[in-house]
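Source file: target.txt (compact mmCIF, C-alpha atoms and all ligand atoms)
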```txt
# COMPACT_ATOMS: atom_id res chain seq x y z
CA MET A 1 95.37 116.88 82.33
CA LEU A 2 94.69 115.02 85.58
CA PRO A 3 96.80 115.94 88.62
CA PRO A 4 99.40 113.29 89.64
CA ASN A 5 98.49 110.76 92.38
CA MET A 6 94.82 110.82 91.50
CA ASP A 7 92.60 107.85 92.29
CA LYS A 8 93.46 105.12 89.74
CA ARG A 9 89.85 104.95 88.61
CA PHE A 10 90.10 108.46 87.20
CA GLN A 11 91.44 108.41 83.68
CA GLU A 12 92.21 111.02 81.13
CA LEU A 13 89.58 111.47 78.48
CA LYS A 14 91.20 111.76 75.08
CA GLU A 15 88.70 111.96 72.23
CA GLY A 16 85.65 110.21 73.63
CA PHE A 17 84.56 106.93 75.19
CA SER A 18 82.38 103.99 74.26
CA PHE A 19 79.76 103.09 76.80
CA SER A 20 76.39 101.43 77.16
CA CYS A 21 74.39 100.59 80.27
CA HIS A 22 71.18 98.56 80.05
CA PRO A 23 69.43 95.69 81.89
CA GLY A 24 71.33 93.16 79.72
CA VAL A 25 74.83 94.01 81.02
CA PRO A 26 76.24 91.33 83.37
CA CYS A 27 76.97 93.98 86.02
CA PHE A 28 73.43 95.40 86.03
CA ASN A 29 72.75 97.23 89.35
CA GLU A 30 76.30 96.57 90.60
CA CYS A 31 76.88 100.31 90.82
CA CYS A 32 73.77 100.98 92.93
CA ARG A 33 75.22 99.72 96.18
CA LYS A 34 77.78 100.60 98.86
CA LEU A 35 77.73 104.23 97.81
CA THR A 36 78.64 107.44 99.56
CA LEU A 37 75.98 109.41 97.77
CA TRP A 38 75.78 113.06 98.87
CA LEU A 39 72.75 114.89 97.53
CA THR A 40 72.99 118.40 96.17
CA PRO A 41 69.94 120.64 96.72
CA TYR A 42 68.84 120.05 93.13
CA ASP A 43 69.24 116.25 93.45
CA PHE A 44 67.18 116.43 96.60
CA LEU A 45 64.45 118.52 94.99
CA ARG A 46 64.12 116.18 92.00
CA LEU A 47 64.09 113.02 94.11
CA ARG A 48 61.49 114.16 96.58
CA ALA A 49 59.27 115.52 93.78
CA ASN A 50 59.51 112.12 92.04
CA LEU A 51 58.46 110.33 95.22
CA GLY A 52 55.84 112.93 96.22
CA LEU A 53 57.45 113.43 99.64
CA SER A 54 57.96 116.51 101.76
CA SER A 55 61.54 117.47 102.59
CA ASP A 56 61.20 116.11 106.13
CA GLU A 57 59.67 112.84 104.93
CA PHE A 58 62.45 112.32 102.40
CA LEU A 59 65.14 113.15 104.96
CA ASP A 60 63.62 110.80 107.56
CA ARG A 61 63.15 107.94 105.14
CA TYR A 62 66.33 107.98 103.08
CA CYS A 63 69.03 110.25 104.45
CA THR A 64 71.46 111.01 107.17
CA VAL A 65 72.66 114.59 107.55
CA GLU A 66 76.38 115.07 107.91
CA HIS A 67 78.83 117.93 107.72
CA GLY A 68 80.47 117.77 104.30
CA GLN A 69 82.74 120.18 102.45
CA ASN A 70 83.79 123.14 104.67
CA GLY A 71 81.49 121.83 107.39
CA TRP A 72 78.22 122.64 105.58
CA PRO A 73 75.47 120.16 106.47
CA MET A 74 74.31 117.99 103.57
CA PRO A 75 72.11 114.90 103.26
CA ARG A 76 73.67 111.60 102.27
CA MET A 77 71.61 108.62 101.09
CA VAL A 78 71.66 105.77 103.61
CA MET A 79 72.30 102.39 101.96
CA LEU A 80 70.06 99.53 103.08
CA ASP A 81 71.19 97.35 105.92
CA ASN A 82 71.39 94.18 103.79
CA GLU A 83 74.29 92.03 102.69
CA ARG A 84 74.84 93.99 99.50
CA GLU A 85 74.23 97.42 101.07
CA THR A 86 72.01 98.44 98.20
CA CYS A 87 70.66 101.90 97.45
CA PRO A 88 67.12 102.13 98.87
CA LEU A 89 65.89 103.30 95.46
CA VAL A 90 67.05 100.35 93.37
CA SER A 91 64.89 97.38 92.33
CA GLU A 92 65.60 94.27 90.28
CA LYS A 93 64.54 96.24 87.23
CA GLY A 94 66.95 99.07 87.96
CA CYS A 95 66.60 102.54 89.41
CA THR A 96 63.03 103.24 90.55
CA VAL A 97 63.49 107.02 90.23
CA TYR A 98 65.39 106.87 86.93
CA PRO A 99 64.02 110.13 85.37
CA ASP A 100 65.03 112.01 88.54
CA ARG A 101 68.12 110.07 89.63
CA PRO A 102 70.88 112.20 91.22
CA GLY A 103 73.45 114.03 89.14
CA ALA A 104 76.27 111.70 90.25
CA CYS A 105 74.34 108.63 89.00
CA ARG A 106 73.59 110.32 85.65
CA THR A 107 77.11 111.63 85.07
CA TYR A 108 78.96 108.31 85.50
CA PRO A 109 81.24 107.29 83.77
CA LEU A 110 82.06 110.88 83.04
CA GLY A 111 83.68 113.07 85.70
CA ARG A 112 83.46 116.86 85.62
CA ALA A 113 85.79 119.36 87.24
CA THR A 114 85.06 123.10 87.35
CA LYS A 115 86.86 126.26 88.39
CA GLY A 116 85.67 129.68 89.51
CA GLY A 117 81.99 129.10 90.30
CA THR A 118 79.97 132.32 90.75
CA GLN A 119 76.34 133.28 90.21
CA ALA A 120 77.42 134.37 86.73
CA GLY A 121 78.66 130.86 85.94
CA ILE A 122 81.90 128.93 85.96
CA ASN A 123 85.17 129.98 84.34
CA GLU A 124 86.55 126.59 83.40
CA GLU A 125 85.19 123.10 82.89
CA GLY A 126 87.06 119.85 82.25
CA PHE A 127 86.09 116.21 81.89
CA PHE A 128 87.70 112.89 82.74
CA LEU A 129 86.61 109.26 82.85
CA VAL A 130 85.77 107.23 85.94
CA ARG A 131 86.37 103.52 85.34
CA GLU A 132 85.00 101.31 88.10
CA GLU A 133 86.53 97.82 87.91
CA HIS A 134 83.19 96.03 88.04
CA CYS A 135 81.63 98.13 85.28
CA ARG A 136 81.30 96.33 81.94
CA GLY A 137 79.58 99.21 80.19
CA PHE A 138 82.85 100.19 78.49
CA GLU A 139 82.90 96.93 76.52
CA GLU A 140 80.09 97.91 74.21
CA GLY A 141 77.98 100.76 73.00
CA PRO A 142 78.32 103.85 70.89
CA GLN A 143 81.10 106.39 71.06
CA TRP A 144 80.33 109.46 73.19
CA THR A 145 81.82 112.90 73.49
CA PRO A 146 81.26 114.60 76.88
CA GLN A 147 78.75 116.97 75.24
CA ASP A 148 76.73 114.11 73.71
CA TRP A 149 76.70 112.29 77.04
CA ILE A 150 75.57 115.40 78.95
CA LYS A 151 72.69 115.87 76.52
CA ASP A 152 71.71 112.21 76.49
CA GLN A 153 71.63 112.00 80.29
CA GLY A 154 69.72 115.28 80.76
CA LEU A 155 72.56 116.80 82.78
CA GLU A 156 72.38 120.44 81.68
CA THR A 157 70.07 121.63 84.48
CA TYR A 158 71.91 119.51 87.08
CA PHE A 159 75.22 121.15 86.12
CA HIS A 160 73.65 124.60 86.02
CA MET A 161 72.06 124.26 89.47
CA ASN A 162 75.17 122.70 90.98
CA ASP A 163 77.29 125.54 89.57
CA LEU A 164 75.01 128.00 91.36
CA PHE A 165 75.43 125.99 94.59
CA MET A 166 79.24 125.76 94.42
CA PRO A 167 80.01 129.36 95.49
CA LEU A 168 78.42 128.42 98.83
CA LEU A 169 79.79 124.94 99.32
CA THR A 170 83.37 125.82 98.46
CA ARG A 171 83.71 128.54 101.12
CA GLN A 172 83.90 128.49 104.88
CA ALA A 173 81.41 130.39 107.04
CA PRO A 174 83.38 133.61 107.71
CA ASP A 175 82.83 134.10 111.42
CA PRO A 176 84.92 133.07 114.41
CA ASN A 177 81.88 132.86 116.73
CA PRO A 178 80.74 129.20 116.91
CA GLN A 179 77.18 130.23 117.77
CA VAL A 180 76.93 132.45 114.70
CA ILE A 181 78.43 129.69 112.53
CA ALA A 182 75.89 127.20 113.89
CA LYS A 183 73.07 129.61 112.95
CA LYS A 184 74.49 130.09 109.48
CA MET A 185 74.73 126.33 109.00
CA GLN A 186 71.13 126.00 110.12
CA MET A 187 70.06 128.67 107.63
CA PHE A 188 72.10 127.02 104.87
CA PHE A 189 70.40 123.68 105.45
CA MET A 190 66.91 125.14 105.63
CA ALA A 191 67.31 127.24 102.48
CA CYS A 192 68.91 124.44 100.46
CA TYR A 193 67.02 121.37 101.70
CA LYS A 194 63.80 122.47 103.41
CA LEU A 195 62.15 124.68 100.88
CA GLU A 196 58.76 124.52 102.62
CA SER A 197 60.34 126.10 105.72
CA PHE A 198 62.36 128.55 103.63
CA ARG A 199 59.18 129.70 101.87
CA LYS A 200 57.55 130.32 105.28
CA PHE A 201 60.63 132.25 106.39
CA LEU A 202 60.54 134.27 103.16
CA ASN A 203 56.95 135.28 103.82
CA GLN A 204 57.31 135.88 107.57
CA THR A 205 60.35 138.13 107.14
CA ARG A 206 58.85 139.67 103.96
CA LEU A 207 62.16 139.18 102.16
CA THR A 208 60.58 139.93 98.79
CA GLU A 209 59.74 143.43 100.10
CA ILE A 210 63.29 144.03 101.29
CA PHE A 211 65.08 143.33 98.02
CA GLU A 212 64.74 144.78 94.53
CA LEU A 213 62.89 141.96 92.80
CA ASN A 214 60.80 141.90 89.69
CA PRO A 215 57.17 141.59 90.95
CA ASN A 216 56.72 138.54 88.71
CA ARG A 217 59.66 136.89 90.39
CA ALA A 218 58.28 137.57 93.88
CA GLU A 219 55.04 135.89 92.78
CA ILE A 220 56.83 132.94 91.15
CA LEU A 221 58.76 132.22 94.37
CA GLN A 222 55.47 131.33 96.04
CA ASN A 223 54.79 128.37 93.74
CA ASN A 224 57.94 127.37 91.93
CA ASP A 225 60.45 125.34 93.94
CA LEU A 226 63.21 125.56 91.34
CA GLU A 227 63.06 129.36 91.30
CA LEU A 228 62.84 129.41 95.09
CA LEU A 229 66.01 127.32 95.27
CA LYS A 230 67.84 129.75 92.95
CA PHE A 231 66.71 132.61 95.18
CA ALA A 232 67.83 130.64 98.25
CA PHE A 233 71.37 130.42 96.81
CA GLN A 234 71.43 134.18 96.19
CA TRP A 235 70.03 134.89 99.64
CA LEU A 236 72.61 132.67 101.34
CA GLN A 237 75.50 134.27 99.46
CA PHE A 238 74.18 137.68 100.44
CA SER A 239 73.48 136.93 104.08
CA ILE A 240 76.42 134.65 104.88
CA PHE A 241 79.19 136.12 102.76
CA GLY A 242 77.99 139.65 102.02
CA ASP A 243 78.09 139.03 98.26
CA ALA A 244 76.15 141.48 96.11
CA THR A 245 73.79 138.80 94.80
CA LEU A 246 70.70 140.76 95.93
CA THR A 247 70.07 144.49 96.18
CA VAL A 248 68.31 145.98 99.19
CA LYS A 249 65.67 148.58 98.29
CA PRO A 250 67.05 152.09 99.04
CA GLU A 251 64.22 152.99 101.44
CA VAL A 252 64.74 149.74 103.41
CA LYS A 253 68.48 150.30 103.52
CA LYS A 254 67.97 153.83 104.87
CA ARG A 255 65.59 152.58 107.54
CA MET A 256 67.99 149.88 108.63
CA GLU A 257 70.94 152.26 108.69
CA GLU A 258 69.01 154.62 110.93
CA LYS A 259 68.07 151.76 113.25
CA ALA A 260 71.67 150.59 113.32
CA LYS A 261 72.85 154.11 114.19
CA GLN A 262 70.43 154.21 117.10
CA ARG A 263 71.84 150.91 118.30
CA GLY A 264 75.40 152.17 117.80
CA MET A 265 76.25 149.59 115.12
CA GLU A 266 78.81 150.61 112.52
CA GLN A 267 78.15 148.01 109.84
CA PRO A 268 74.43 147.62 109.48
CA LEU A 269 73.75 145.63 106.34
CA GLY A 270 75.20 143.38 103.64
CA PRO A 271 76.29 143.39 100.91
CA VAL A 272 78.55 146.16 102.20
CA GLY A 273 79.68 143.65 104.81
CA PRO A 274 78.57 140.19 105.94
CA MET A 275 75.26 140.53 107.66
CA GLY A 276 75.28 139.47 111.29
CA PRO A 277 72.71 137.27 112.95
CA GLN A 278 70.44 140.23 113.81
CA GLY A 279 67.05 140.28 112.24
CA MET A 280 67.60 138.07 109.24
CA PHE A 281 67.83 134.65 110.80
CA PRO A 282 64.95 132.64 112.18
CA GLY A 283 64.64 132.99 115.90
CA SER A 284 66.96 136.03 116.10
S1 LIG A 301 69.49 106.69 92.91
FE1 LIG A 301 69.02 105.21 91.33
S2 LIG A 301 70.80 105.23 89.96
FE2 LIG A 301 71.41 106.24 91.85
S3 LIG A 301 72.33 104.64 93.12
FE3 LIG A 301 70.17 104.75 93.69
S4 LIG A 301 69.15 103.26 92.39
FE4 LIG A 301 71.16 103.64 91.50
S1 LIG A 302 78.24 98.88 86.61
FE1 LIG A 302 78.35 100.14 84.73
S2 LIG A 302 77.35 98.97 83.09
FE2 LIG A 302 76.91 97.95 85.06
S3 LIG A 302 74.91 98.77 85.59
FE3 LIG A 302 76.40 100.10 86.57
S4 LIG A 302 76.85 101.75 85.11
FE4 LIG A 302 75.75 100.12 84.01
```
Starting from the file, lay out its structure as structure tokens.
Amino acid sequence: MLPPNMDKRFQELKEGFSFSCHPGVPCFNECCRKLTLWLTPYDFLRLRANLGLSSDEFLDRYCTVEHGQNGWPMPRMVMLDNERETCPLVSEKGCTVYPDRPGACRTYPLGRATKGGTQAGINEEGFFLVREEHCRGFEEGPQWTPQDWIKDQGLETYFHMNDLFMPLLTRQAPDPNPQVIAKKMQMFFMACYKLESFRKFLNQTRLTEIFELNPNRAEILQNNDLELLKFAFQWLQFSIFGDATLTVKPEVKKRMEEKAKQRGMEQPLGPVGPMGPQGMFPGS
């Protein structure tokens, strides 16, 4: 059931919905303009891989970075400065990155709400319909259930990756010191949206030697961006919130505790408590 006073476009989904979108609909491309299109880390990874661009090139060419939910920095696609304010990735024939279009573009006209996102998954999932006035896709087409639509639009991995991202996005950086928060935001953005830099950081700080990781996984992180992004989410939860998403090797933990004792620190290392800026952030 939808909460009262929701946006009128959001409608309850009873049994299913009929929908079809193709170049023959009179509203073709109407939805690819005037958008506030935030990109999740997985959207960003797919788009830049499709276009063969580095993270910096993609950011420079297509995005602005703004502080979104809970102040975390996220890229947003910049619409073109033309009369229609079109998405920079649309052409007369439709979306030029169709196989890798963002999750929000694939999910429409379905809406998805989740509860309780953790690394282990979400606890609850619900669906609703989003009916844009200009959209004529509802007037024709086959009948869909949410599950059929998810499969047809290749949304499974998008949902999975976004569910892994949510435990970060839905929380506030837990530190009153603005300088520490700024560093955490910087780390969040690098790990989520600049995987080339995060991989360098991973190697410079020898993170894979600090945590208990399967040796195959440590190797895979060097070449596989999707796996690196999953590790980045775990690392951020560990380092920002002190969550037990990674386990420090006992010998490393002992060494760090001894060092902390020498420095007179009481709380040396997450996940027993949120890790401070010392040692684990670039430039610290
Ligand atoms: S990314 Fe593709 S589907 Fe999404 S708004 Fe842009 S052109 Fe349209
Ligand atoms: S407005 Fe609806 S039917 Fe028209 S192109 Fe967009 S999604 Fe398809």
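Taking all atoms listed in the file into account, ligand LIG 302 (chain A) lies nearest to A:Ser18 out of the set A:Gln11, A:Gln186, A:Ser18, A:Thr114.
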With distances taken over only C-alpha atoms and all ligand atoms, which of A:Tyr98, A:Tyr42, A:Phe188, A:Phe28 is nearest to ligand LIG 301 (chain A)?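 Of A:Tyr98, A:Tyr42, A:Phe188, A:Phe28, the one nearest ligand LIG 301 (chain A), counting only C-alpha atoms and all ligand atoms, is A:Tyr98.
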Please check which protein, DNA or RNA residues sit within 12 Å of ligand LIG 302 (chain A), counting all atoms listed in the file, and write them as a short mmCIF file (atom, residue, chain, number, x, y, z; two decimals) with C-alpha atoms, in the coordinates of the input.
```cif
data_model
loop_
_atom_site.label_atom_id
_atom_site.label_comp_id
_atom_site.auth_asym_id
_atom_site.auth_seq_id
_atom_site.Cartn_x
_atom_site.Cartn_y
_atom_site.Cartn_z
CA SER A 18 82.38 103.99 74.26
CA PHE A 19 79.76 103.09 76.80
CA SER A 20 76.39 101.43 77.16
CA CYS A 21 74.39 100.59 80.27
CA HIS A 22 71.18 98.56 80.05
CA PRO A 23 69.43 95.69 81.89
CA GLY A 24 71.33 93.16 79.72
CA VAL A 25 74.83 94.01 81.02
CA PRO A 26 76.24 91.33 83.37
CA CYS A 27 76.97 93.98 86.02
CA PHE A 28 73.43 95.40 86.03
CA ASN A 29 72.75 97.23 89.35
CA GLU A 30 76.30 96.57 90.60
CA CYS A 31 76.88 100.31 90.82
CA CYS A 32 73.77 100.98 92.93
CA ARG A 33 75.22 99.72 96.18
CA VAL A 90 67.05 100.35 93.37
CA GLU A 92 65.60 94.27 90.28
CA LYS A 93 64.54 96.24 87.23
CA GLY A 94 66.95 99.07 87.96
CA CYS A 95 66.60 102.54 89.41
CA ALA A 104 76.27 111.70 90.25
CA CYS A 105 74.34 108.63 89.00
CA ARG A 106 73.59 110.32 85.65
CA THR A 107 77.11 111.63 85.07
CA TYR A 108 78.96 108.31 85.50
CA PRO A 109 81.24 107.29 83.77
CA LEU A 110 82.06 110.88 83.04
CA VAL A 130 85.77 107.23 85.94
CA ARG A 131 86.37 103.52 85.34
CA GLU A 132 85.00 101.31 88.10
CA GLU A 133 86.53 97.82 87.91
CA HIS A 134 83.19 96.03 88.04
CA CYS A 135 81.63 98.13 85.28
CA ARG A 136 81.30 96.33 81.94
CA GLY A 137 79.58 99.21 80.19
CA PHE A 138 82.85 100.19 78.49
CA GLU A 139 82.90 96.93 76.52
CA GLU A 140 80.09 97.91 74.21
CA GLY A 141 77.98 100.76 73.00
#
```
Choose the residue, out of A:Trp38, A:Phe17, A:Phe231, A:Phe159, that has the smallest atom-to-atom separation from ligand LIG 301 (chain A); count all atoms listed in the file.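 Answer, going by the shortest atom-to-atom distance: A:Trp38.
Of the listed residues (A:Glu156, A:Asp148, A:Asp225, A:Glu12), A:Asp225 comes nearest to Arg48 (chain A); the distances count all atoms listed in the file.
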For the atom pair CA of Ser55 (chain A) and CA of Pro73 (chain A), what is the interatomic distance in Å to one decimal place? 14.7 Å
What does the structure give for the distance between CA of Leu202 (chain A) and CA of Leu47 (chain A), in Å to one decimal?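 Separating CA of Leu202 (chain A) from CA of Leu47 (chain A) is a distance of 23.4 Å.
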Could you check the closest approach to Pro167 (chain A) for each of A:Ile240, A:Leu89, A:Leu207, A:Val252 and tell me which residue wins, using only C-alpha atoms?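 So, comparing all the options, the nearest one is A:Ile240.
The interatomic distance for the pair CA of Glu124 (chain A) and CA of Gly71 (chain A) works out to 25.0 Å.
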Around all of ligand LIG 301 (chain A)'s listed atoms, make the axis-aligned box with 4 Å on each side and tell me centre and edge lengths in Å to one decimal, as JSON.
```
{"center_x": 70.7, "center_y": 105.0, "center_z": 91.8, "size_x": 11.3, "size_y": 11.4, "size_z": 11.7}
```
Kindly indicate which residue among A:Gly68, A:Asp100, A:Leu45, A:Gly52 lies nearest to ligand LIG 301 (chain A), using all atoms listed in the file for the distances.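 Using all atoms listed in the file, ligand LIG 301 (chain A) sits closest to A:Asp100.
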Kindly provide, as JSON, numbers by chain, the polymer residues lying within 9 Å of (89.5, 109.0, 89.9), counting all atoms listed in the file and using the coordinates exactly as they appear in the file. {"A": [6, 7, 8, 9, 10, 11, 111, 128, 129, 130, 131]}
